[in-house]
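What follows is the content of entry-v6.pdb (PDB, C-alpha atoms and all ligand atoms).
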ATOM      1  CA  MET C  23      80.564  48.903  75.499
ATOM      2  CA  ASP C  24      76.802  49.592  75.237
ATOM      3  CA  ALA C  25      74.657  49.067  72.151
ATOM      4  CA  GLN C  26      76.277  52.029  70.410
ATOM      5  CA  ARG C  27      77.611  51.020  66.995
ATOM      6  CA  TYR C  28      81.296  50.128  66.588
ATOM      7  CA  PHE C  29      81.615  51.480  63.038
ATOM      8  CA  TYR C  30      81.059  55.015  61.775
ATOM      9  CA  GLY C  31      81.418  56.768  58.445
ATOM     10  CA  PRO C  32      82.977  56.153  55.992
ATOM     11  CA  VAL C  33      84.732  59.376  56.878
ATOM     12  CA  PRO C  34      86.316  61.338  54.010
ATOM     13  CA  SER C  35      89.891  61.177  55.264
ATOM     14  CA  ARG C  36      92.492  63.586  53.923
ATOM     15  CA  ARG C  37      95.137  60.863  53.653
ATOM     16  CA  LEU C  38      93.284  57.543  53.443
ATOM     17  CA  GLY C  39      90.344  58.239  51.109
ATOM     18  CA  TYR C  40      86.976  56.862  52.312
ATOM     19  CA  SER C  41      87.799  55.475  55.723
ATOM     20  CA  LEU C  42      85.303  53.325  57.622
ATOM     21  CA  GLY C  43      86.054  54.146  61.265
ATOM     22  CA  VAL C  44      86.011  51.427  63.912
ATOM     23  CA  ASP C  45      85.795  52.679  67.473
ATOM     24  CA  VAL C  46      86.639  50.036  70.081
ATOM     25  CA  ILE C  47      87.203  52.264  73.121
ATOM     26  CA  PRO C  48      84.506  53.892  75.287
ATOM     27  CA  LYS C  49      84.591  57.686  75.315
ATOM     28  CA  LYS C  50      87.031  58.787  76.469
ATOM     29  CA  LEU C  51      89.800  56.544  77.698
ATOM     30  CA  CYS C  52      93.269  57.609  76.663
ATOM     31  CA  PRO C  53      96.750  57.847  78.178
ATOM     32  CA  PHE C  54      96.841  61.408  76.780
ATOM     33  CA  ASP C  55      94.777  64.568  77.109
ATOM     34  CA  CYS C  56      95.891  66.465  74.000
ATOM     35  CA  VAL C  57      95.218  70.179  73.703
ATOM     36  CA  TYR C  58      93.888  69.662  70.168
ATOM     37  CA  CYS C  59      91.648  66.653  70.890
ATOM     38  CA  GLN C  60      88.415  66.820  68.886
ATOM     39  CA  THR C  61      86.555  64.489  71.265
ATOM     40  CA  GLY C  62      86.955  66.734  74.328
ATOM     41  CA  ARG C  63      88.957  66.389  77.564
ATOM     42  CA  THR C  64      90.056  62.908  78.639
ATOM     43  CA  THR C  65      87.815  61.642  81.430
ATOM     44  CA  GLU C  66      90.158  58.812  82.421
ATOM     45  CA  LYS C  67      93.881  58.910  81.696
ATOM     46  CA  THR C  68      95.084  55.327  81.824
ATOM     47  CA  ILE C  69      97.398  52.731  80.303
ATOM     48  CA  GLU C  70      95.347  49.804  81.595
ATOM     49  CA  ARG C  71      94.332  47.577  78.677
ATOM     50  CA  VAL C  72      90.837  46.044  78.693
ATOM     51  CA  SER C  73      88.595  44.147  76.223
ATOM     52  CA  PHE C  74      85.471  46.134  75.425
ATOM     53  CA  VAL C  75      84.232  44.672  72.164
ATOM     54  CA  ASN C  76      81.740  41.903  71.521
ATOM     55  CA  THR C  77      83.309  40.432  68.368
ATOM     56  CA  ASP C  78      80.099  38.671  67.230
ATOM     57  CA  ARG C  79      78.248  41.969  67.295
ATOM     58  CA  LEU C  80      81.122  43.735  65.544
ATOM     59  CA  LYS C  81      81.216  41.097  62.804
ATOM     60  CA  LYS C  82      77.472  41.281  62.221
ATOM     61  CA  GLU C  83      77.605  45.059  62.030
ATOM     62  CA  LEU C  84      80.465  44.988  59.507
ATOM     63  CA  ILE C  85      78.698  42.442  57.282
ATOM     64  CA  GLY C  86      75.642  44.718  57.238
ATOM     65  CA  ILE C  87      77.718  47.775  56.348
ATOM     66  CA  LEU C  88      79.566  46.043  53.516
ATOM     67  CA  ALA C  89      76.279  44.901  52.023
ATOM     68  CA  GLY C  90      75.220  48.533  51.606
ATOM     69  CA  LYS C  91      78.209  50.860  51.348
ATOM     70  CA  ALA C  92      79.507  51.808  47.931
ATOM     71  CA  THR C  93      83.012  53.095  48.702
ATOM     72  CA  ILE C  94      85.314  52.011  51.514
ATOM     73  CA  ASP C  95      89.036  52.439  50.841
ATOM     74  CA  VAL C  96      90.276  51.426  54.281
ATOM     75  CA  ILE C  97      89.016  50.383  57.726
ATOM     76  CA  THR C  98      90.608  52.555  60.401
ATOM     77  CA  PHE C  99      90.834  52.078  64.160
ATOM     78  CA  SER C 100      90.302  55.533  65.579
ATOM     79  CA  GLY C 101      87.525  57.385  67.372
ATOM     80  CA  SER C 102      86.729  58.146  71.009
ATOM     81  CA  GLY C 103      90.013  57.103  72.662
ATOM     82  CA  GLU C 104      93.353  55.330  72.114
ATOM     83  CA  PRO C 105      92.724  52.035  70.194
ATOM     84  CA  THR C 106      95.750  50.194  71.641
ATOM     85  CA  LEU C 107      94.063  50.335  75.063
ATOM     86  CA  HIS C 108      91.947  47.477  73.725
ATOM     87  CA  GLN C 109      93.430  44.136  74.706
ATOM     88  CA  ASN C 110      93.997  41.671  71.863
ATOM     89  CA  LEU C 111      93.467  44.184  69.102
ATOM     90  CA  ASP C 112      94.770  41.529  66.694
ATOM     91  CA  ARG C 113      91.635  39.425  67.362
ATOM     92  CA  ILE C 114      89.434  42.267  66.166
ATOM     93  CA  ILE C 115      91.630  42.695  63.085
ATOM     94  CA  ALA C 116      91.258  38.931  62.458
ATOM     95  CA  VAL C 117      87.445  39.275  62.558
ATOM     96  CA  ILE C 118      87.638  42.132  60.034
ATOM     97  CA  ARG C 119      89.847  39.950  57.791
ATOM     98  CA  GLU C 120      87.339  37.107  58.086
ATOM     99  CA  VAL C 121      84.679  39.403  56.635
ATOM    100  CA  CYS C 122      86.740  41.404  54.102
ATOM    101  CA  GLY C 123      89.771  39.229  53.365
ATOM    102  CA  ARG C 124      92.687  41.389  52.228
ATOM    103  CA  ARG C 125      90.562  43.465  49.879
ATOM    104  CA  ILE C 126      90.206  46.398  52.311
ATOM    105  CA  PRO C 127      93.383  47.379  54.183
ATOM    106  CA  VAL C 128      93.250  47.824  57.958
ATOM    107  CA  CYS C 129      94.837  50.916  59.481
ATOM    108  CA  VAL C 130      95.454  51.777  63.152
ATOM    109  CA  ILE C 131      95.961  55.370  64.240
ATOM    110  CA  THR C 132      97.755  55.406  67.587
ATOM    111  CA  ASN C 133      99.302  58.039  69.831
ATOM    112  CA  SER C 134     102.374  55.747  70.329
ATOM    113  CA  SER C 135     102.044  55.795  74.123
ATOM    114  CA  LEU C 136     101.802  51.985  74.494
ATOM    115  CA  LEU C 137     104.303  50.914  71.830
ATOM    116  CA  PHE C 138     106.852  50.261  74.568
ATOM    117  CA  LEU C 139     104.769  47.164  75.467
ATOM    118  CA  PRO C 140     105.823  44.066  73.439
ATOM    119  CA  GLU C 141     102.231  42.731  73.372
ATOM    120  CA  VAL C 142     100.941  45.958  71.813
ATOM    121  CA  ARG C 143     103.612  45.820  69.099
ATOM    122  CA  ARG C 144     102.785  42.168  68.433
ATOM    123  CA  GLU C 145      99.035  42.850  68.104
ATOM    124  CA  LEU C 146      99.579  45.890  65.859
ATOM    125  CA  ALA C 147     101.674  43.790  63.492
ATOM    126  CA  ALA C 148      98.366  42.374  62.155
ATOM    127  CA  ALA C 149      97.479  45.754  60.559
ATOM    128  CA  ASP C 150      98.404  46.873  57.031
ATOM    129  CA  ILE C 151      99.041  50.503  57.924
ATOM    130  CA  VAL C 152      99.982  51.982  61.293
ATOM    131  CA  ILE C 153     100.015  55.737  61.785
ATOM    132  CA  PRO C 154     101.692  56.480  65.105
ATOM    133  CA  SER C 155     102.069  60.069  66.244
ATOM    134  CA  LEU C 156     104.963  61.970  67.744
ATOM    135  CA  ASP C 157     103.690  65.491  68.377
ATOM    136  CA  ALA C 158     106.497  66.405  70.753
ATOM    137  CA  PRO C 159     110.250  66.134  70.115
ATOM    138  CA  ASN C 160     111.098  66.277  73.850
ATOM    139  CA  GLU C 161     109.658  65.655  77.307
ATOM    140  CA  ALA C 162     108.730  69.301  78.006
ATOM    141  CA  LEU C 163     106.645  69.607  74.822
ATOM    142  CA  LEU C 164     105.061  66.190  75.428
ATOM    143  CA  ARG C 165     103.756  67.516  78.765
ATOM    144  CA  LYS C 166     102.521  70.684  77.070
ATOM    145  CA  ILE C 167     100.737  69.282  74.021
ATOM    146  CA  ASN C 168      99.795  65.663  74.920
ATOM    147  CA  ARG C 169      99.634  65.924  78.753
ATOM    148  CA  PRO C 170     100.218  62.170  79.292
ATOM    149  CA  CYS C 171      99.473  60.086  82.383
ATOM    150  CA  ALA C 172     102.323  59.427  84.813
ATOM    151  CA  GLN C 173     103.361  56.048  83.340
ATOM    152  CA  VAL C 174     104.160  57.530  79.923
ATOM    153  CA  ASN C 175     107.296  59.503  79.200
ATOM    154  CA  PHE C 176     109.123  60.726  76.124
ATOM    155  CA  GLU C 177     111.960  58.163  76.120
ATOM    156  CA  ARG C 178     109.487  55.276  76.409
ATOM    157  CA  ILE C 179     107.546  56.592  73.412
ATOM    158  CA  VAL C 180     110.637  56.941  71.206
ATOM    159  CA  GLU C 181     111.963  53.550  72.292
ATOM    160  CA  GLY C 182     108.598  51.959  71.400
ATOM    161  CA  LEU C 183     108.568  53.633  67.980
ATOM    162  CA  VAL C 184     112.108  52.485  67.155
ATOM    163  CA  LYS C 185     111.319  48.895  68.175
ATOM    164  CA  PHE C 186     108.003  48.792  66.343
ATOM    165  CA  ARG C 187     109.595  50.145  63.161
ATOM    166  CA  ALA C 188     112.167  47.347  63.278
ATOM    167  CA  GLU C 189     109.479  44.670  63.747
ATOM    168  CA  PHE C 190     106.572  45.894  61.583
ATOM    169  CA  GLU C 191     106.397  44.888  57.915
ATOM    170  CA  GLY C 192     103.455  47.076  56.856
ATOM    171  CA  ARG C 193     103.254  50.771  56.025
ATOM    172  CA  PHE C 194     104.456  53.000  58.858
ATOM    173  CA  TRP C 195     103.620  56.700  58.570
ATOM    174  CA  LEU C 196     104.647  58.968  61.404
ATOM    175  CA  GLU C 197     102.214  61.800  62.139
ATOM    176  CA  ILE C 198     103.072  65.098  63.778
ATOM    177  CA  MET C 199     100.225  67.421  64.751
ATOM    178  CA  ILE C 200     101.494  70.992  64.602
ATOM    179  CA  VAL C 201      99.700  73.422  66.917
ATOM    180  CA  LYS C 202     100.384  77.119  66.548
ATOM    181  CA  GLY C 203     102.393  78.584  69.426
ATOM    182  CA  ILE C 204     103.156  75.192  71.017
ATOM    183  CA  ASN C 205     105.335  72.915  68.851
ATOM    184  CA  ASP C 206     105.884  75.029  65.724
ATOM    185  CA  SER C 207     109.393  76.415  66.347
ATOM    186  CA  PRO C 208     112.533  75.803  64.213
ATOM    187  CA  GLU C 209     114.179  74.273  67.322
ATOM    188  CA  ALA C 210     111.396  71.671  67.618
ATOM    189  CA  ALA C 211     111.736  70.896  63.894
ATOM    190  CA  ALA C 212     115.501  70.327  64.268
ATOM    191  CA  GLU C 213     114.875  67.918  67.162
ATOM    192  CA  TRP C 214     112.331  65.948  65.096
ATOM    193  CA  LYS C 215     114.856  65.617  62.295
ATOM    194  CA  GLY C 216     117.247  63.712  64.600
ATOM    195  CA  LEU C 217     114.435  61.549  65.992
ATOM    196  CA  ILE C 218     113.106  60.679  62.546
ATOM    197  CA  GLN C 219     116.568  59.554  61.466
ATOM    198  CA  ARG C 220     116.422  57.174  64.437
ATOM    199  CA  ILE C 221     112.846  55.951  63.880
ATOM    200  CA  ARG C 222     112.992  55.687  60.046
ATOM    201  CA  PRO C 223     109.262  55.857  59.165
ATOM    202  CA  ASP C 224     108.159  55.287  55.538
ATOM    203  CA  LYS C 225     107.012  58.880  55.540
ATOM    204  CA  VAL C 226     106.266  61.775  57.886
ATOM    205  CA  GLN C 227     102.944  63.575  57.731
ATOM    206  CA  LEU C 228     102.439  67.013  59.193
ATOM    207  CA  ASN C 229      98.864  67.452  60.317
ATOM    208  CA  ILE C 230      97.045  70.512  61.614
ATOM    209  CA  PRO C 231      94.057  70.849  63.985
ATOM    210  CA  VAL C 232      91.469  71.474  61.258
ATOM    211  CA  ARG C 233      88.555  70.476  63.506
ATOM    212  CA  PRO C 234      87.422  72.395  66.574
ATOM    213  CA  SER C 235      88.756  71.378  69.982
ATOM    214  CA  GLN C 236      87.536  72.410  73.418
ATOM    215  CA  GLU C 237      90.764  74.318  73.989
ATOM    216  CA  HIS C 238      90.723  76.046  70.607
ATOM    217  CA  ALA C 239      94.069  74.687  69.391
ATOM    218  CA  ALA C 240      95.189  77.071  66.645
ATOM    219  CA  VAL C 241      96.288  76.207  63.102
ATOM    220  CA  PRO C 242      99.821  77.305  62.073
ATOM    221  CA  ASP C 243     100.266  79.274  58.843
ATOM    222  CA  GLN C 244     101.555  77.768  55.589
ATOM    223  CA  GLU C 245     104.968  79.437  55.954
ATOM    224  CA  THR C 246     105.556  77.761  59.317
ATOM    225  CA  LEU C 247     104.515  74.378  57.926
ATOM    226  CA  ARG C 248     106.896  74.817  54.985
ATOM    227  CA  MET C 249     109.738  75.711  57.361
ATOM    228  CA  ILE C 250     109.128  72.552  59.438
ATOM    229  CA  GLN C 251     108.826  70.435  56.289
ATOM    230  CA  GLU C 252     112.160  71.758  54.981
ATOM    231  CA  VAL C 253     113.985  71.237  58.267
ATOM    232  CA  ILE C 254     112.712  67.673  58.744
ATOM    233  CA  GLY C 255     113.424  66.603  55.157
ATOM    234  CA  GLU C 256     112.007  65.631  51.820
ATOM    235  CA  GLU C 257     110.045  62.547  52.951
ATOM    236  CA  THR C 258     107.786  64.903  54.937
ATOM    237  CA  GLU C 259     104.365  65.818  53.534
ATOM    238  CA  VAL C 260     101.602  68.117  54.699
ATOM    239  CA  VAL C 261      98.212  66.378  54.912
ATOM    240  CA  LEU C 262      96.078  67.954  52.174
ATOM    241  CA  PRO C 263      92.307  68.603  52.020
ATOM    242  CA  PHE C 264      90.080  65.719  50.942
ATOM    243  CA  GLU C 265      89.493  65.749  47.187
ATOM    244  CA  LYS C 266      87.572  62.630  46.176
ATOM    245  CA  GLN C 267      84.015  62.823  44.933
ATOM    246  CA  PRO C 268      81.183  61.764  47.259
ATOM    247  CA  ALA C 269      80.029  58.161  47.081
ATOM    248  CA  ALA C 270      76.572  57.405  45.698
ATOM    249  CA  ARG C 271      73.828  57.289  48.380
ATOM    250  CA  ARG C 272      73.141  53.752  49.519
ATOM    251  CA  ASP C 273      70.293  53.468  52.054
ATOM    252  CA  GLU C 274      67.815  55.350  54.188
ATOM    253  CA  ARG C 275      69.616  55.393  57.520
ATOM    254  CA  ILE C 276      71.119  58.825  57.052
ATOM    255  CA  GLU C 277      70.244  60.247  60.467
ATOM    256  CA  GLU C 278      71.732  57.253  62.300
ATOM    257  CA  GLU C 279      74.925  57.471  60.245
ATOM    258  CA  ILE C 280      75.238  61.203  60.879
ATOM    259  CA  VAL C 281      74.770  60.726  64.642
ATOM    260  CA  GLU C 282      77.397  57.930  64.792
ATOM    261  CA  TYR C 283      79.859  60.082  62.825
ATOM    262  CA  LEU C 284      79.326  63.160  65.015
ATOM    263  CA  ARG C 285      79.734  61.092  68.182
ATOM    264  CA  ARG C 286      83.367  60.476  67.164
ATOM    265  CA  ARG C 287      84.362  63.797  65.596
ATOM    266  CA  PRO C 288      82.959  67.193  64.633
ATOM    267  CA  ALA C 289      82.098  67.514  60.942
ATOM    268  CA  THR C 290      81.010  70.109  58.404
ATOM    269  CA  LEU C 291      77.977  69.848  56.161
ATOM    270  CA  ALA C 292      80.352  68.972  53.274
ATOM    271  CA  ASP C 293      82.055  66.207  55.327
ATOM    272  CA  LEU C 294      78.676  64.646  56.085
ATOM    273  CA  CYS C 295      77.543  64.851  52.456
ATOM    274  CA  ALA C 296      80.794  63.157  51.347
ATOM    275  CA  SER C 297      80.451  60.493  54.037
ATOM    276  CA  THR C 298      76.791  59.615  53.528
ATOM    277  CA  GLY C 299      76.610  60.312  49.795
ATOM    278  CA  ALA C 300      73.308  62.082  50.467
ATOM    279  CA  GLU C 301      72.091  65.316  48.884
ATOM    280  CA  GLU C 302      73.154  68.513  50.685
ATOM    281  CA  GLU C 303      69.508  69.406  51.264
ATOM    282  CA  THR C 304      68.865  66.086  53.037
ATOM    283  CA  VAL C 305      71.910  66.379  55.298
ATOM    284  CA  ARG C 306      71.050  69.993  56.087
ATOM    285  CA  ARG C 307      67.525  68.967  57.101
ATOM    286  CA  VAL C 308      68.809  66.188  59.394
ATOM    287  CA  LEU C 309      71.283  68.597  60.998
ATOM    288  CA  GLU C 310      68.572  71.197  61.558
ATOM    289  CA  GLU C 311      66.419  68.579  63.283
ATOM    290  CA  LEU C 312      69.318  67.397  65.451
ATOM    291  CA  VAL C 313      70.181  70.960  66.448
ATOM    292  CA  SER C 314      66.596  71.999  67.174
ATOM    293  CA  SER C 315      66.034  68.892  69.317
ATOM    294  CA  GLY C 316      69.218  69.716  71.310
ATOM    295  CA  ARG C 317      71.047  66.511  70.282
ATOM    296  CA  ALA C 318      73.678  68.405  68.273
ATOM    297  CA  CYS C 319      75.124  71.890  68.087
ATOM    298  CA  GLY C 320      77.074  74.006  65.613
ATOM    299  CA  GLN C 321      80.443  75.616  66.341
ATOM    300  CA  LYS C 322      82.609  77.916  64.192
ATOM    301  CA  HIS C 323      86.308  77.001  63.797
ATOM    302  CA  GLN C 324      88.625  78.899  61.436
ATOM    303  CA  GLY C 325      85.525  80.508  59.902
ATOM    304  CA  VAL C 326      83.916  77.118  59.087
ATOM    305  CA  GLU C 327      80.819  75.698  60.798
ATOM    306  CA  TYR C 328      81.269  72.264  62.410
ATOM    307  CA  PHE C 329      78.552  70.176  64.026
ATOM    308  CA  ARG C 330      78.967  67.909  67.041
ATOM    309  CA  ILE C 331      76.777  65.753  69.258
ATOM    310  CA  ASN C 332      76.030  67.256  72.674
ATOM    311  CA  ASP C 333      77.474  65.080  75.446
TER     312      ASP C 333
HETATM  313  S1  LIG C 401      95.685  60.816  71.759
HETATM  314 FE1  LIG C 401      93.952  61.173  70.409
HETATM  315  S2  LIG C 401      92.132  60.599  71.629
HETATM  316 FE2  LIG C 401      93.851  60.792  73.061
HETATM  317  S3  LIG C 401      93.677  62.891  73.815
HETATM  318 FE3  LIG C 401      95.111  62.902  72.089
HETATM  319  S4  LIG C 401      93.876  63.405  70.306
HETATM  320 FE4  LIG C 401      92.456  62.779  71.923
END

Would you mind giving the structure from this file in structure tokens?
Amino acid sequence: MDAQRYFYGPVPSRRLGYSLGVDVIPKKLCPFDCVYCQTGRTTEKTIERVSFVNTDRLKKELIGILAGKATIDVITFSGSGEPTLHQNLDRIIAVIREVCGRRIPVCVITNSSLLFLPEVRRELAAADIVIPSLDAPNEALLRKINRPCAQVNFERIVEGLVKFRAEFEGRFWLEIMIVKGINDSPEAAAEWKGLIQRIRPDKVQLNIPVRPSQEHAAVPDQETLRMIQEVIGEETEVVLPFEKQPAARRDERIEEEIVEYLRRRPATLADLCASTGAEEETVRRVLEELVSSGRACGQKHQGVEYFRIND
């Protein structure tokens, strides 16, 4: 990867608190091309695993961040592509442990596509929390919502999830992204119920596409979410809005932090205030400068204005 930073945020995460994102994949390598993806269309669909990260640089960057940041609840692998495409992910987790010990848990958010590979399951075992997704309860919906590359199919994904659940000793939360008009039917919910009985996650989280995507994936209504929650069962929860208070402002590098955040995901003014801990006025001014210089743009989604970096 180029000199772009590996870490971004902390991002106010609806389920993890203040999450310091670590992005180890160049934009945008992924075995999937999801209709709801907030980082745009996949430029290279692949399952080929490669090492991209310079661990010395990553370590130095993390030490610098920890010296200044007030609140980090978790360090989360997520960002521009699928984290398990990085070879030897466990080595990066080991570097993070070297710096933080066990005081900050490490989480990996994965689309589950590579869990059928024993080496991926072995490397992921080093994390404290793994959040794999299963947005489709059958092959036809997988092709519709996740649009995977040829080497990935539904049975392989489920098989990988079942095996990883049996091997992994940390927290295992299964995520399902519900997109209106695609995977929000009672029939889909009934299929998930059977699959979840097979996979046995610690909990199931229903998520919705709250951030804008290029293909304008639509958010289902509350009634539909309740129906799916009831069909799947009581261990299912809907991911709720972020409620913690912003962290206190720490340093002067607000613009750089905002740019690194927006490179990975669109964000509202409130998200950026919560992430940086800066005054609303300050964040607004930085955003205005970024927009007027053409580096960023605003986009309305569900009546809310999000900002993103122009590619
Ligand atoms: S798996 Fe994640 S990064 Fe890949 S296309 Fe889907 S939403 Fe985007």

Please identify all protein, DNA and RNA residues within 9 Å of ligand LIG 401 (chain C), counting only C-alpha atoms and all ligand atoms, and report them as a compact mmCIF listing (two decimals) with C-alpha atoms, in the frame of the given file.
# COMPACT_ATOMS: atom_id res chain seq x y z
CA LYS C 49 84.59 57.69 75.32
CA LYS C 50 87.03 58.79 76.47
CA LEU C 51 89.80 56.54 77.70
CA CYS C 52 93.27 57.61 76.66
CA PRO C 53 96.75 57.85 78.18
CA PHE C 54 96.84 61.41 76.78
CA ASP C 55 94.78 64.57 77.11
CA CYS C 56 95.89 66.46 74.00
CA VAL C 57 95.22 70.18 73.70
CA TYR C 58 93.89 69.66 70.17
CA CYS C 59 91.65 66.65 70.89
CA GLN C 60 88.42 66.82 68.89
CA THR C 61 86.56 64.49 71.26
CA GLY C 62 86.96 66.73 74.33
CA ARG C 63 88.96 66.39 77.56
CA THR C 64 90.06 62.91 78.64
CA LYS C 67 93.88 58.91 81.70
CA SER C 100 90.30 55.53 65.58
CA GLY C 101 87.52 57.38 67.37
CA SER C 102 86.73 58.15 71.01
CA GLY C 103 90.01 57.10 72.66
CA GLU C 104 93.35 55.33 72.11
CA PRO C 105 92.72 52.04 70.19
CA ILE C 131 95.96 55.37 64.24
CA THR C 132 97.76 55.41 67.59
CA ASN C 133 99.30 58.04 69.83
CA SER C 134 102.37 55.75 70.33
CA SER C 135 102.04 55.80 74.12
CA SER C 155 102.07 60.07 66.24
CA ILE C 167 100.74 69.28 74.02
CA ASN C 168 99.80 65.66 74.92
CA ARG C 169 99.63 65.92 78.75
CA PRO C 170 100.22 62.17 79.29

Would you translate the PyMOL selection byres (((chain C and resi 247-250) around 9) and not hetatm) into the concrete set of residues it matches in this file, as a compact mmCIF listing (two decimals) with C-alpha atoms, in the frame of the given file?
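Saved file expr_33.txt follows:
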# COMPACT_ATOMS: atom_id res chain seq x y z
CA ILE C 200 101.49 70.99 64.60
CA ASP C 206 105.88 75.03 65.72
CA SER C 207 109.39 76.42 66.35
CA PRO C 208 112.53 75.80 64.21
CA ALA C 210 111.40 71.67 67.62
CA ALA C 211 111.74 70.90 63.89
CA ALA C 212 115.50 70.33 64.27
CA LEU C 228 102.44 67.01 59.19
CA PRO C 242 99.82 77.31 62.07
CA ASP C 243 100.27 79.27 58.84
CA GLN C 244 101.56 77.77 55.59
CA GLU C 245 104.97 79.44 55.95
CA THR C 246 105.56 77.76 59.32
CA GLN C 251 108.83 70.44 56.29
CA GLU C 252 112.16 71.76 54.98
CA VAL C 253 113.98 71.24 58.27
CA ILE C 254 112.71 67.67 58.74
CA GLY C 255 113.42 66.60 55.16
CA THR C 258 107.79 64.90 54.94
CA VAL C 260 101.60 68.12 54.70

Task: Nearest residue to C:Ser235 from the set C:Arg124, C:Arg306, C:Lys166, C:Arg330 (distances using all atoms listed in the file) - done: C:Arg330

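One distance worth recording is that between atom CA of C:Ser315 and atom CA of C:Phe29, which is 24.2 Å.
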
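For the set C:Cys319, C:Ala89, C:Ile94, C:Leu38, the residue with the smallest atom-to-atom gap to C:Pro288 is C:Cys319, counting only C-alpha atoms.
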
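Considering all atoms listed in the file, the residue among C:Ile118, C:Ile276, C:Ile47, C:Thr65 positioned nearest to C:Thr77 is C:Ile118.
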
Open item on the list: To test your reading of the syntax: which residues would the PyMOL selection byres (((chain C and resi 151) around 12) and not hetatm) return for the file shown? Reply as an MDAnalysis selection string.
Closed with: chainID C and resid 37:38 96:99 115 126:132 146:150 152:154 187 190:196 223:225

TODO: Would you mind telling me which residue in C:Arg287, C:Arg144, C:Arg178, C:Arg275 lies nearest to C:Gly299 when using all atoms listed in the file?
DONE: C:Arg275

TODO: Find the distance between atom CA of C:Pro48 and atom CA of C:Arg286 and write it in Å to one decimal.
DONE: 10.5 Å

Open item on the list: Selection in question (the file shown): the PyMOL selection byres (((chain C and resi 181) around 12) and not hetatm). Which residues does it include, as a ChimeraX atom specification?
Closed with: /C:134-140,143,156,174-180,182-188,217,220-221

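The shortest atom-to-atom distance to C:Val226, with all atoms listed in the file taken into account, belongs to C:Val261 out of C:Ile204, C:Ala239, C:Val261, C:Val72.
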